[in-house]
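Shown next: query.txt, given as compact mmCIF, N, CA and C atoms.
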```txt
# COMPACT_ATOMS: atom_id res chain seq x y z
N GLN A 63 -13.34 17.93 -10.85
CA GLN A 63 -12.42 17.89 -9.73
C GLN A 63 -13.20 17.64 -8.44
N VAL A 64 -12.88 16.54 -7.78
CA VAL A 64 -13.56 16.20 -6.53
C VAL A 64 -12.95 17.01 -5.39
N GLN A 65 -13.80 17.55 -4.57
CA GLN A 65 -13.33 18.25 -3.37
C GLN A 65 -13.71 17.44 -2.13
N LEU A 66 -12.78 17.33 -1.21
CA LEU A 66 -12.97 16.54 0.00
C LEU A 66 -12.81 17.46 1.20
N VAL A 67 -13.77 17.39 2.12
CA VAL A 67 -13.72 18.23 3.32
C VAL A 67 -13.94 17.34 4.54
N GLU A 68 -12.91 17.25 5.35
CA GLU A 68 -12.98 16.43 6.56
C GLU A 68 -13.34 17.30 7.77
N SER A 69 -14.03 16.70 8.72
CA SER A 69 -14.39 17.42 9.94
C SER A 69 -14.60 16.43 11.08
N GLY A 70 -14.70 16.96 12.29
CA GLY A 70 -15.01 16.13 13.43
C GLY A 70 -13.86 15.86 14.37
N GLY A 71 -12.66 16.26 13.98
CA GLY A 71 -11.52 16.02 14.85
C GLY A 71 -11.59 16.89 16.10
N ALA A 72 -10.92 16.43 17.15
CA ALA A 72 -10.95 17.14 18.42
C ALA A 72 -9.85 16.62 19.34
N LEU A 73 -9.74 17.27 20.48
CA LEU A 73 -8.87 16.79 21.55
C LEU A 73 -9.71 15.93 22.49
N VAL A 74 -9.30 14.67 22.66
CA VAL A 74 -10.05 13.76 23.53
C VAL A 74 -9.08 13.03 24.46
N GLN A 75 -9.63 12.48 25.52
CA GLN A 75 -8.80 11.72 26.45
C GLN A 75 -8.73 10.27 26.00
N VAL A 76 -7.71 9.60 26.50
CA VAL A 76 -7.56 8.17 26.22
C VAL A 76 -8.85 7.44 26.56
N GLY A 77 -9.26 6.56 25.64
CA GLY A 77 -10.49 5.80 25.84
C GLY A 77 -11.72 6.47 25.29
N GLY A 78 -11.58 7.70 24.84
CA GLY A 78 -12.71 8.44 24.32
C GLY A 78 -13.11 8.02 22.92
N SER A 79 -14.14 8.69 22.41
CA SER A 79 -14.66 8.38 21.09
C SER A 79 -14.84 9.65 20.27
N LEU A 80 -14.77 9.47 18.96
CA LEU A 80 -15.03 10.56 18.03
C LEU A 80 -15.66 9.99 16.79
N ARG A 81 -16.38 10.85 16.07
CA ARG A 81 -16.86 10.49 14.74
C ARG A 81 -16.36 11.53 13.76
N LEU A 82 -15.59 11.08 12.80
CA LEU A 82 -15.12 11.95 11.73
C LEU A 82 -16.06 11.86 10.54
N SER A 83 -16.16 12.98 9.82
CA SER A 83 -16.99 13.02 8.62
C SER A 83 -16.17 13.54 7.46
N CYS A 84 -16.53 13.09 6.29
CA CYS A 84 -15.90 13.55 5.05
C CYS A 84 -17.02 13.85 4.07
N ALA A 85 -17.04 15.08 3.59
CA ALA A 85 -18.01 15.47 2.57
C ALA A 85 -17.29 15.57 1.25
N ALA A 86 -17.83 14.88 0.26
CA ALA A 86 -17.20 14.86 -1.06
C ALA A 86 -18.14 15.45 -2.09
N SER A 87 -17.59 16.31 -2.94
CA SER A 87 -18.39 16.86 -4.03
C SER A 87 -18.28 15.93 -5.22
N GLY A 88 -19.22 15.99 -6.12
CA GLY A 88 -19.11 15.20 -7.33
C GLY A 88 -19.92 13.93 -7.29
N SER A 89 -20.44 13.55 -8.44
CA SER A 89 -21.35 12.41 -8.51
C SER A 89 -20.62 11.07 -8.55
N ILE A 90 -19.28 11.10 -8.64
CA ILE A 90 -18.56 9.84 -8.76
C ILE A 90 -18.27 9.21 -7.41
N PHE A 91 -18.64 9.89 -6.33
CA PHE A 91 -18.33 9.38 -4.99
C PHE A 91 -18.87 7.97 -4.81
N SER A 92 -20.12 7.75 -5.22
CA SER A 92 -20.80 6.51 -4.88
C SER A 92 -20.19 5.28 -5.54
N ILE A 93 -19.46 5.46 -6.62
CA ILE A 93 -18.92 4.31 -7.34
C ILE A 93 -17.50 3.97 -6.92
N ASN A 94 -16.93 4.77 -6.06
CA ASN A 94 -15.53 4.58 -5.68
C ASN A 94 -15.36 3.96 -4.30
N THR A 95 -14.30 3.16 -4.18
CA THR A 95 -13.86 2.74 -2.86
C THR A 95 -13.20 3.94 -2.20
N MET A 96 -13.60 4.21 -0.97
CA MET A 96 -13.09 5.36 -0.25
C MET A 96 -12.37 4.92 1.01
N GLY A 97 -11.38 5.70 1.39
CA GLY A 97 -10.60 5.35 2.56
C GLY A 97 -10.37 6.51 3.49
N TRP A 98 -10.09 6.17 4.73
CA TRP A 98 -9.58 7.13 5.70
C TRP A 98 -8.09 6.87 5.88
N TYR A 99 -7.34 7.95 5.89
CA TYR A 99 -5.89 7.90 6.07
C TYR A 99 -5.55 8.80 7.25
N ARG A 100 -4.34 8.62 7.79
CA ARG A 100 -3.89 9.51 8.83
C ARG A 100 -2.40 9.73 8.71
N GLN A 101 -1.98 10.88 9.21
CA GLN A 101 -0.55 11.20 9.21
C GLN A 101 -0.19 11.81 10.55
N ALA A 102 0.65 11.10 11.26
CA ALA A 102 1.14 11.58 12.55
C ALA A 102 2.40 12.41 12.32
N PRO A 103 2.74 13.28 13.25
CA PRO A 103 3.94 14.12 13.09
C PRO A 103 5.18 13.28 12.85
N GLY A 104 5.92 13.63 11.80
CA GLY A 104 7.16 12.93 11.50
C GLY A 104 7.00 11.57 10.86
N LYS A 105 5.76 11.20 10.53
CA LYS A 105 5.51 9.89 9.93
C LYS A 105 4.84 10.04 8.58
N GLN A 106 4.89 8.97 7.82
CA GLN A 106 4.22 8.97 6.52
C GLN A 106 2.72 8.77 6.69
N ARG A 107 1.98 9.23 5.72
CA ARG A 107 0.54 9.02 5.71
C ARG A 107 0.27 7.52 5.57
N GLU A 108 -0.69 7.03 6.35
CA GLU A 108 -1.01 5.61 6.30
C GLU A 108 -2.51 5.41 6.15
N LEU A 109 -2.86 4.28 5.56
CA LEU A 109 -4.27 3.93 5.40
C LEU A 109 -4.80 3.40 6.73
N VAL A 110 -5.96 3.90 7.14
CA VAL A 110 -6.60 3.44 8.36
C VAL A 110 -7.68 2.40 8.05
N ALA A 111 -8.49 2.70 7.04
CA ALA A 111 -9.59 1.80 6.69
C ALA A 111 -10.11 2.19 5.32
N PHE A 112 -10.74 1.23 4.64
CA PHE A 112 -11.42 1.58 3.40
C PHE A 112 -12.75 0.85 3.31
N ILE A 113 -13.62 1.39 2.47
CA ILE A 113 -14.94 0.82 2.28
C ILE A 113 -15.27 0.85 0.79
N THR A 114 -15.73 -0.26 0.24
CA THR A 114 -16.06 -0.32 -1.17
C THR A 114 -17.43 0.32 -1.42
N SER A 115 -17.77 0.44 -2.68
CA SER A 115 -19.03 1.09 -3.04
C SER A 115 -20.23 0.32 -2.49
N ASN A 116 -20.08 -0.99 -2.30
CA ASN A 116 -21.20 -1.78 -1.78
C ASN A 116 -21.05 -2.12 -0.30
N GLY A 117 -20.09 -1.46 0.37
CA GLY A 117 -20.04 -1.55 1.82
C GLY A 117 -19.08 -2.53 2.44
N TRP A 118 -18.26 -3.19 1.63
CA TRP A 118 -17.27 -4.10 2.21
C TRP A 118 -16.15 -3.27 2.82
N THR A 119 -15.71 -3.64 4.00
CA THR A 119 -14.73 -2.83 4.72
C THR A 119 -13.46 -3.60 5.05
N ASN A 120 -12.40 -2.85 5.25
CA ASN A 120 -11.12 -3.43 5.66
C ASN A 120 -10.40 -2.42 6.53
N TYR A 121 -9.68 -2.92 7.55
CA TYR A 121 -9.05 -2.04 8.53
C TYR A 121 -7.58 -2.36 8.73
N ALA A 122 -6.82 -1.34 9.07
CA ALA A 122 -5.44 -1.56 9.52
C ALA A 122 -5.50 -2.33 10.85
N GLU A 123 -4.51 -3.16 11.07
CA GLU A 123 -4.49 -3.97 12.29
C GLU A 123 -4.53 -3.10 13.54
N SER A 124 -3.93 -1.94 13.48
CA SER A 124 -3.82 -1.08 14.65
C SER A 124 -5.16 -0.50 15.11
N VAL A 125 -6.17 -0.53 14.22
CA VAL A 125 -7.46 0.06 14.57
C VAL A 125 -8.59 -0.96 14.54
N LYS A 126 -8.28 -2.16 14.14
CA LYS A 126 -9.32 -3.18 14.01
C LYS A 126 -10.01 -3.41 15.35
N GLY A 127 -11.34 -3.42 15.32
CA GLY A 127 -12.11 -3.62 16.55
C GLY A 127 -12.41 -2.33 17.29
N ARG A 128 -11.75 -1.25 16.92
CA ARG A 128 -11.98 0.04 17.59
C ARG A 128 -12.62 1.06 16.66
N PHE A 129 -12.28 1.02 15.38
CA PHE A 129 -12.78 1.99 14.41
C PHE A 129 -13.79 1.31 13.48
N THR A 130 -14.74 2.10 13.02
CA THR A 130 -15.72 1.62 12.05
C THR A 130 -15.89 2.65 10.95
N ILE A 131 -15.68 2.23 9.72
CA ILE A 131 -15.86 3.11 8.57
C ILE A 131 -17.24 2.84 7.97
N SER A 132 -17.88 3.91 7.54
CA SER A 132 -19.20 3.77 6.91
C SER A 132 -19.35 4.88 5.88
N ARG A 133 -20.40 4.75 5.08
CA ARG A 133 -20.63 5.75 4.05
C ARG A 133 -22.11 5.91 3.82
N ASP A 134 -22.48 7.08 3.33
CA ASP A 134 -23.85 7.36 2.91
C ASP A 134 -23.76 7.93 1.51
N ASN A 135 -23.99 7.08 0.51
CA ASN A 135 -23.84 7.51 -0.88
C ASN A 135 -24.88 8.55 -1.28
N THR A 136 -26.01 8.58 -0.60
CA THR A 136 -27.03 9.58 -0.94
C THR A 136 -26.58 10.99 -0.53
N LYS A 137 -25.64 11.04 0.40
CA LYS A 137 -25.14 12.34 0.88
C LYS A 137 -23.69 12.58 0.46
N ASN A 138 -23.13 11.68 -0.33
CA ASN A 138 -21.70 11.78 -0.68
C ASN A 138 -20.86 11.96 0.58
N ALA A 139 -21.13 11.15 1.58
CA ALA A 139 -20.46 11.30 2.87
C ALA A 139 -19.78 10.02 3.31
N LEU A 140 -18.66 10.20 3.96
CA LEU A 140 -17.88 9.09 4.50
C LEU A 140 -17.67 9.38 5.99
N TYR A 141 -17.70 8.32 6.79
CA TYR A 141 -17.58 8.50 8.24
C TYR A 141 -16.54 7.56 8.82
N LEU A 142 -15.98 7.97 9.95
CA LEU A 142 -15.10 7.08 10.70
C LEU A 142 -15.47 7.22 12.18
N HIS A 143 -16.03 6.14 12.72
CA HIS A 143 -16.35 6.11 14.14
C HIS A 143 -15.16 5.52 14.87
N MET A 144 -14.64 6.26 15.82
CA MET A 144 -13.44 5.84 16.53
C MET A 144 -13.74 5.68 18.02
N ASN A 145 -13.50 4.51 18.52
CA ASN A 145 -13.71 4.22 19.94
C ASN A 145 -12.40 3.80 20.58
N SER A 146 -12.38 3.82 21.90
CA SER A 146 -11.20 3.38 22.67
C SER A 146 -9.92 4.02 22.14
N LEU A 147 -9.97 5.31 21.98
CA LEU A 147 -8.85 6.02 21.37
C LEU A 147 -7.60 5.95 22.25
N LYS A 148 -6.46 5.87 21.56
CA LYS A 148 -5.16 5.75 22.21
C LYS A 148 -4.28 6.93 21.79
N PRO A 149 -3.27 7.24 22.58
CA PRO A 149 -2.38 8.34 22.18
C PRO A 149 -1.78 8.15 20.80
N GLU A 150 -1.52 6.91 20.41
CA GLU A 150 -0.93 6.65 19.09
C GLU A 150 -1.91 6.88 17.94
N ASP A 151 -3.17 7.17 18.25
CA ASP A 151 -4.13 7.54 17.21
C ASP A 151 -4.04 9.02 16.87
N THR A 152 -3.25 9.77 17.62
CA THR A 152 -3.08 11.19 17.34
C THR A 152 -2.49 11.40 15.96
N ALA A 153 -3.18 12.18 15.14
CA ALA A 153 -2.77 12.40 13.75
C ALA A 153 -3.76 13.35 13.09
N VAL A 154 -3.39 13.78 11.90
CA VAL A 154 -4.34 14.45 11.02
C VAL A 154 -4.97 13.37 10.15
N TYR A 155 -6.30 13.36 10.12
CA TYR A 155 -7.03 12.33 9.38
C TYR A 155 -7.58 12.91 8.09
N TYR A 156 -7.44 12.14 7.02
CA TYR A 156 -7.87 12.55 5.69
C TYR A 156 -8.75 11.45 5.08
N CYS A 157 -9.60 11.87 4.15
CA CYS A 157 -10.32 10.88 3.35
C CYS A 157 -9.87 11.04 1.90
N ASN A 158 -9.94 9.96 1.18
CA ASN A 158 -9.62 9.98 -0.25
C ASN A 158 -9.99 8.64 -0.84
N LYS A 159 -9.95 8.58 -2.14
CA LYS A 159 -10.23 7.34 -2.85
C LYS A 159 -9.13 6.32 -2.54
N TYR A 160 -9.50 5.05 -2.64
CA TYR A 160 -8.53 3.98 -2.43
C TYR A 160 -8.67 2.95 -3.53
N PRO A 161 -7.58 2.38 -4.04
CA PRO A 161 -6.19 2.68 -3.69
C PRO A 161 -5.61 3.88 -4.43
N GLU A 162 -6.12 4.17 -5.64
CA GLU A 162 -5.60 5.35 -6.34
C GLU A 162 -6.31 6.59 -5.81
N HIS A 163 -5.53 7.57 -5.44
CA HIS A 163 -6.11 8.76 -4.83
C HIS A 163 -6.66 9.72 -5.88
N PHE A 164 -7.64 10.53 -5.45
CA PHE A 164 -7.94 11.72 -6.22
C PHE A 164 -6.71 12.63 -6.16
N ALA A 165 -6.59 13.50 -7.15
CA ALA A 165 -5.38 14.32 -7.26
C ALA A 165 -5.20 15.22 -6.03
N SER A 166 -6.27 15.77 -5.53
CA SER A 166 -6.12 16.71 -4.42
C SER A 166 -6.68 16.13 -3.12
N TRP A 167 -6.01 16.47 -2.03
CA TRP A 167 -6.44 16.06 -0.70
C TRP A 167 -7.15 17.22 0.00
N GLY A 168 -8.01 16.89 0.92
CA GLY A 168 -8.60 17.92 1.75
C GLY A 168 -7.60 18.44 2.77
N GLN A 169 -8.07 19.31 3.64
CA GLN A 169 -7.18 19.89 4.64
C GLN A 169 -6.97 18.97 5.83
N GLY A 170 -7.78 17.94 5.93
CA GLY A 170 -7.66 17.01 7.04
C GLY A 170 -8.31 17.54 8.30
N THR A 171 -8.44 16.67 9.28
CA THR A 171 -9.00 17.06 10.57
C THR A 171 -8.12 16.48 11.68
N GLN A 172 -7.74 17.30 12.63
CA GLN A 172 -6.79 16.91 13.67
C GLN A 172 -7.48 16.14 14.79
N VAL A 173 -6.93 14.98 15.09
CA VAL A 173 -7.36 14.20 16.24
C VAL A 173 -6.18 14.12 17.20
N THR A 174 -6.41 14.57 18.42
CA THR A 174 -5.38 14.51 19.45
C THR A 174 -5.92 13.75 20.65
N VAL A 175 -5.20 12.70 21.02
CA VAL A 175 -5.62 11.87 22.15
C VAL A 175 -4.64 12.11 23.28
N SER A 176 -5.14 12.64 24.36
CA SER A 176 -4.25 12.97 25.47
C SER A 176 -4.38 11.95 26.59
N SER A 177 -3.24 11.68 27.19
CA SER A 177 -3.24 10.74 28.31
C SER A 177 -3.19 11.51 29.63
```
Mind turning the file's structure into structure tokens?
Amino acid sequence: QVQLVESGGALVQVGGSLRLSCAASGSIFSINTMGWYRQAPGKQRELVAFITSNGWTNYAESVKGRFTISRDNTKNALYLHMNSLKPEDTAVYYCNKYPEHFASWGQGTQVTVSS
């Protein structure tokens, strides 16, 4: 059973930056495509970005050019660098496998962008 622990969320002002981290247990992390997802209040969870095992990345249009996803397979870690944050980026951010999820999700990390 893979365990996912997200961290790094905070309250920031518009235009600010954050780096989110995801720590994953288990040796299968390095072979999987991993993604960052987010869920805003009253909305469905959506994919923000994903990264393949060899580093190919893809982003939602809403974050393209502002967010960067990366991974360190030696540490079973996934990262999301977020720049030029907007109020609409406010959400709980989660990491998980993409496209098929691991059965359990982490607790997520709250990002709040205030204007």
request  = Extract the full set of strand (DSSP E) residues from chain A according to DSSP on the backbone, and format it as a PyMOL selection string.
outcome  = chain A and resi 66-69+73-75+80-86+96-101+108-113+119-121+129-134+139-144+153-159+171-176
ask   = Just how far from CA of Tyr99 in chain A is CA of Leu147 in chain A, in Å to one decimal?
value =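 Distance between the two atoms: 15.7 Å.
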remark   = Across A:Val175, A:Ile90, A:Ala102, A:Val154, the smallest distance to Lys137 in chain A, with only C-alpha atoms counted, is shown by A:Ile90
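All residues of protein, DNA or RNA that reach within 6 Å of Ser69 in chain A, judged by all atoms listed in the file and not counting those fewer than 3 positions away in the chain, are A:Arg81, A:Leu82, A:Ser83, A:Cys84, A:Gly170, A:Thr171.
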inquiry  = Under the rule that all atoms listed in the file are counted, which of A:Ile93, A:Ile131, A:Ala165, A:Leu80 is the nearest residue to Ala111 in chain A?
reply    =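 Comparing A:Ile93, A:Ile131, A:Ala165, A:Leu80 against Ala111 in chain A, the winner is A:Ile131.
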key: Nearest-residue call for Gly168 in chain A, choices A:Ala122, A:Leu66, A:Ala86, A:Leu140, using only C-alpha atoms   =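 Once distances to Gly168 in chain A are computed over only C-alpha atoms, the minimum belongs to A:Leu66.
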query = Which polymer residues have any atom within 8 Å of an atom of Arg133 in chain A, counting only N, CA and C atoms, with same-chain residues fewer than 6 positions away left out, as a list of chain:residue names?
reply =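 Selected residues are A:Ile113, A:Gly117, A:Ala139, A:Leu140, A:Tyr141, A:Leu142.
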Between atom N of Gly104 in chain A and atom C of Ser124 in chain A, distance in Å (one decimal) =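 Value for the atom N of Gly104 in chain A-atom C of Ser124 in chain A distance: 18.3 Å.
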key: Pick from A:Gln172, A:Ser132, A:Gln75, A:Gln101 nearest to Pro149 in chain A, counting only N, CA and C atoms   =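 Using only N, CA and C atoms, Pro149 in chain A sits closest to A:Gln75.
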Centre, x/y/z edge lengths, axis-aligned box for range 76-90 of chain A with 6 Å per side, as JSON:
```
{"center_x": -14.5, "center_y": 11.3, "center_z": 8.9, "size_x": 25.8, "size_y": 23.1, "size_z": 47.3}
```
ask   = Using all atoms listed in the file, which of A:Asn138, A:Trp118, A:Tyr156, A:Arg128 sits nearest Ala85 in chain A?
value =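 Closest residue, counting all atoms listed in the file: A:Asn138.
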ask   = Smallest atom-to-atom distance to Thr174 in chain A: which of A:Ala153, A:Val64, A:Val125, A:Leu109, using all atoms listed in the file?
value =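 Under the stated criterion, the closest residue is A:Ala153.
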ask   = Which residues, protein or nucleic acid, reach to within 7 Å of (-6.3, 10.0, 29.1) in the file's coordinates when using only N, CA and C atoms, and can you give that as number ranges by chain?
value = A: 74-77, 175-177
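In this structure, CA of Thr152 in chain A sits 27.8 Å away from CA of Ser115 in chain A.
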request  = Please provide as a list in words all residues within 7 Å of Lys159 in chain A, with the sequence filter that same-chain residues fewer than 6 positions apart are discarded (counting all atoms listed in the file).
outcome  = Asn94, Thr95, Met96 and Gly97 of chain A
inquiry  = as a PyMOL selection string, please: the residues near Asn145 in chain A (cut-off 5 Å, only N, CA and C atoms, same-chain neighbours under 5 positions excluded).
reply    = chain A and resi 78-79+128-129
Can range 115-126 of chain A be brought up to all heavy atoms and written out as a CSV table (one decimal), in the coordinates of the input?
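Here's the written file selection_21.csv:
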```csv
chain,number,residue,atom,x,y,z
A,115,SER,N,-17.8,0.4,-2.7
A,115,SER,CA,-19.0,1.1,-3.0
A,115,SER,C,-20.2,0.3,-2.5
A,115,SER,O,-21.3,0.9,-2.2
A,115,SER,CB,-19.2,1.2,-4.6
A,115,SER,OG,-19.0,0.0,-5.2
A,116,ASN,N,-20.1,-1.0,-2.3
A,116,ASN,CA,-21.2,-1.8,-1.8
A,116,ASN,C,-21.0,-2.1,-0.3
A,116,ASN,O,-21.8,-3.0,0.2
A,116,ASN,CB,-21.4,-3.1,-2.6
A,116,ASN,CG,-20.2,-4.0,-2.6
A,116,ASN,OD1,-19.2,-3.7,-1.9
A,116,ASN,ND2,-20.2,-5.0,-3.3
A,117,GLY,N,-20.1,-1.5,0.4
A,117,GLY,CA,-20.0,-1.6,1.8
A,117,GLY,C,-19.1,-2.5,2.4
A,117,GLY,O,-19.1,-2.7,3.7
A,118,TRP,N,-18.3,-3.2,1.6
A,118,TRP,CA,-17.3,-4.1,2.2
A,118,TRP,C,-16.2,-3.3,2.8
A,118,TRP,O,-15.7,-2.3,2.2
A,118,TRP,CB,-16.7,-5.0,1.1
A,118,TRP,CG,-15.9,-6.2,1.7
A,118,TRP,CD1,-16.3,-7.3,2.2
A,118,TRP,CD2,-14.5,-6.2,1.8
A,118,TRP,NE1,-15.2,-8.1,2.6
A,118,TRP,CE2,-14.1,-7.4,2.3
A,118,TRP,CE3,-13.5,-5.3,1.4
A,118,TRP,CZ2,-12.8,-7.8,2.6
A,118,TRP,CZ3,-12.1,-5.6,1.6
A,118,TRP,CH2,-11.8,-6.8,2.2
A,119,THR,N,-15.7,-3.6,4.0
A,119,THR,CA,-14.7,-2.8,4.7
A,119,THR,C,-13.5,-3.6,5.0
A,119,THR,O,-13.5,-4.8,5.1
A,119,THR,CB,-15.3,-2.3,6.0
A,119,THR,OG1,-15.7,-3.4,6.9
A,119,THR,CG2,-16.5,-1.4,5.8
A,120,ASN,N,-12.4,-2.8,5.2
A,120,ASN,CA,-11.1,-3.4,5.7
A,120,ASN,C,-10.4,-2.4,6.5
A,120,ASN,O,-10.5,-1.2,6.3
A,120,ASN,CB,-10.3,-3.8,4.4
A,120,ASN,CG,-9.1,-4.6,4.8
A,120,ASN,OD1,-8.0,-4.1,5.0
A,120,ASN,ND2,-9.2,-5.9,4.8
A,121,TYR,N,-9.7,-2.9,7.6
A,121,TYR,CA,-9.0,-2.0,8.5
A,121,TYR,C,-7.6,-2.4,8.7
A,121,TYR,O,-7.2,-3.5,8.6
A,121,TYR,CB,-9.8,-2.2,9.9
A,121,TYR,CG,-11.2,-1.8,9.8
A,121,TYR,CD1,-12.2,-2.7,9.5
A,121,TYR,CD2,-11.6,-0.5,10.1
A,121,TYR,CE1,-13.5,-2.4,9.5
A,121,TYR,CE2,-12.9,-0.1,10.1
A,121,TYR,CZ,-13.9,-1.0,9.7
A,121,TYR,OH,-15.2,-0.7,9.7
A,122,ALA,N,-6.8,-1.3,9.1
A,122,ALA,CA,-5.4,-1.6,9.5
A,122,ALA,C,-5.5,-2.3,10.8
A,122,ALA,O,-6.4,-2.2,11.6
A,122,ALA,CB,-4.7,-0.2,9.7
A,123,GLU,N,-4.5,-3.2,11.1
A,123,GLU,CA,-4.5,-4.0,12.3
A,123,GLU,C,-4.5,-3.1,13.5
A,123,GLU,O,-5.1,-3.5,14.5
A,123,GLU,CB,-3.2,-4.8,12.3
A,123,GLU,CG,-3.3,-6.1,11.4
A,123,GLU,CD,-4.4,-7.0,11.8
A,123,GLU,OE1,-4.7,-7.2,13.0
A,123,GLU,OE2,-5.0,-7.6,10.9
A,124,SER,N,-3.9,-1.9,13.5
A,124,SER,CA,-3.8,-1.1,14.6
A,124,SER,C,-5.2,-0.5,15.1
A,124,SER,O,-5.3,-0.1,16.3
A,124,SER,CB,-2.8,0.1,14.4
A,124,SER,OG,-3.3,0.8,13.3
A,125,VAL,N,-6.2,-0.5,14.2
A,125,VAL,CA,-7.5,0.1,14.6
A,125,VAL,C,-8.6,-1.0,14.5
A,125,VAL,O,-9.7,-0.6,14.9
A,125,VAL,CB,-7.8,1.2,13.7
A,125,VAL,CG1,-6.7,2.3,13.7
A,125,VAL,CG2,-8.2,0.8,12.3
A,126,LYS,N,-8.3,-2.2,14.1
A,126,LYS,CA,-9.3,-3.2,14.0
A,126,LYS,C,-10.0,-3.4,15.4
A,126,LYS,O,-9.4,-3.5,16.4
A,126,LYS,CB,-8.7,-4.5,13.5
A,126,LYS,CG,-9.7,-5.4,12.8
A,126,LYS,CD,-8.9,-6.6,12.2
A,126,LYS,CE,-8.2,-6.1,10.9
A,126,LYS,NZ,-7.6,-7.3,10.2
```
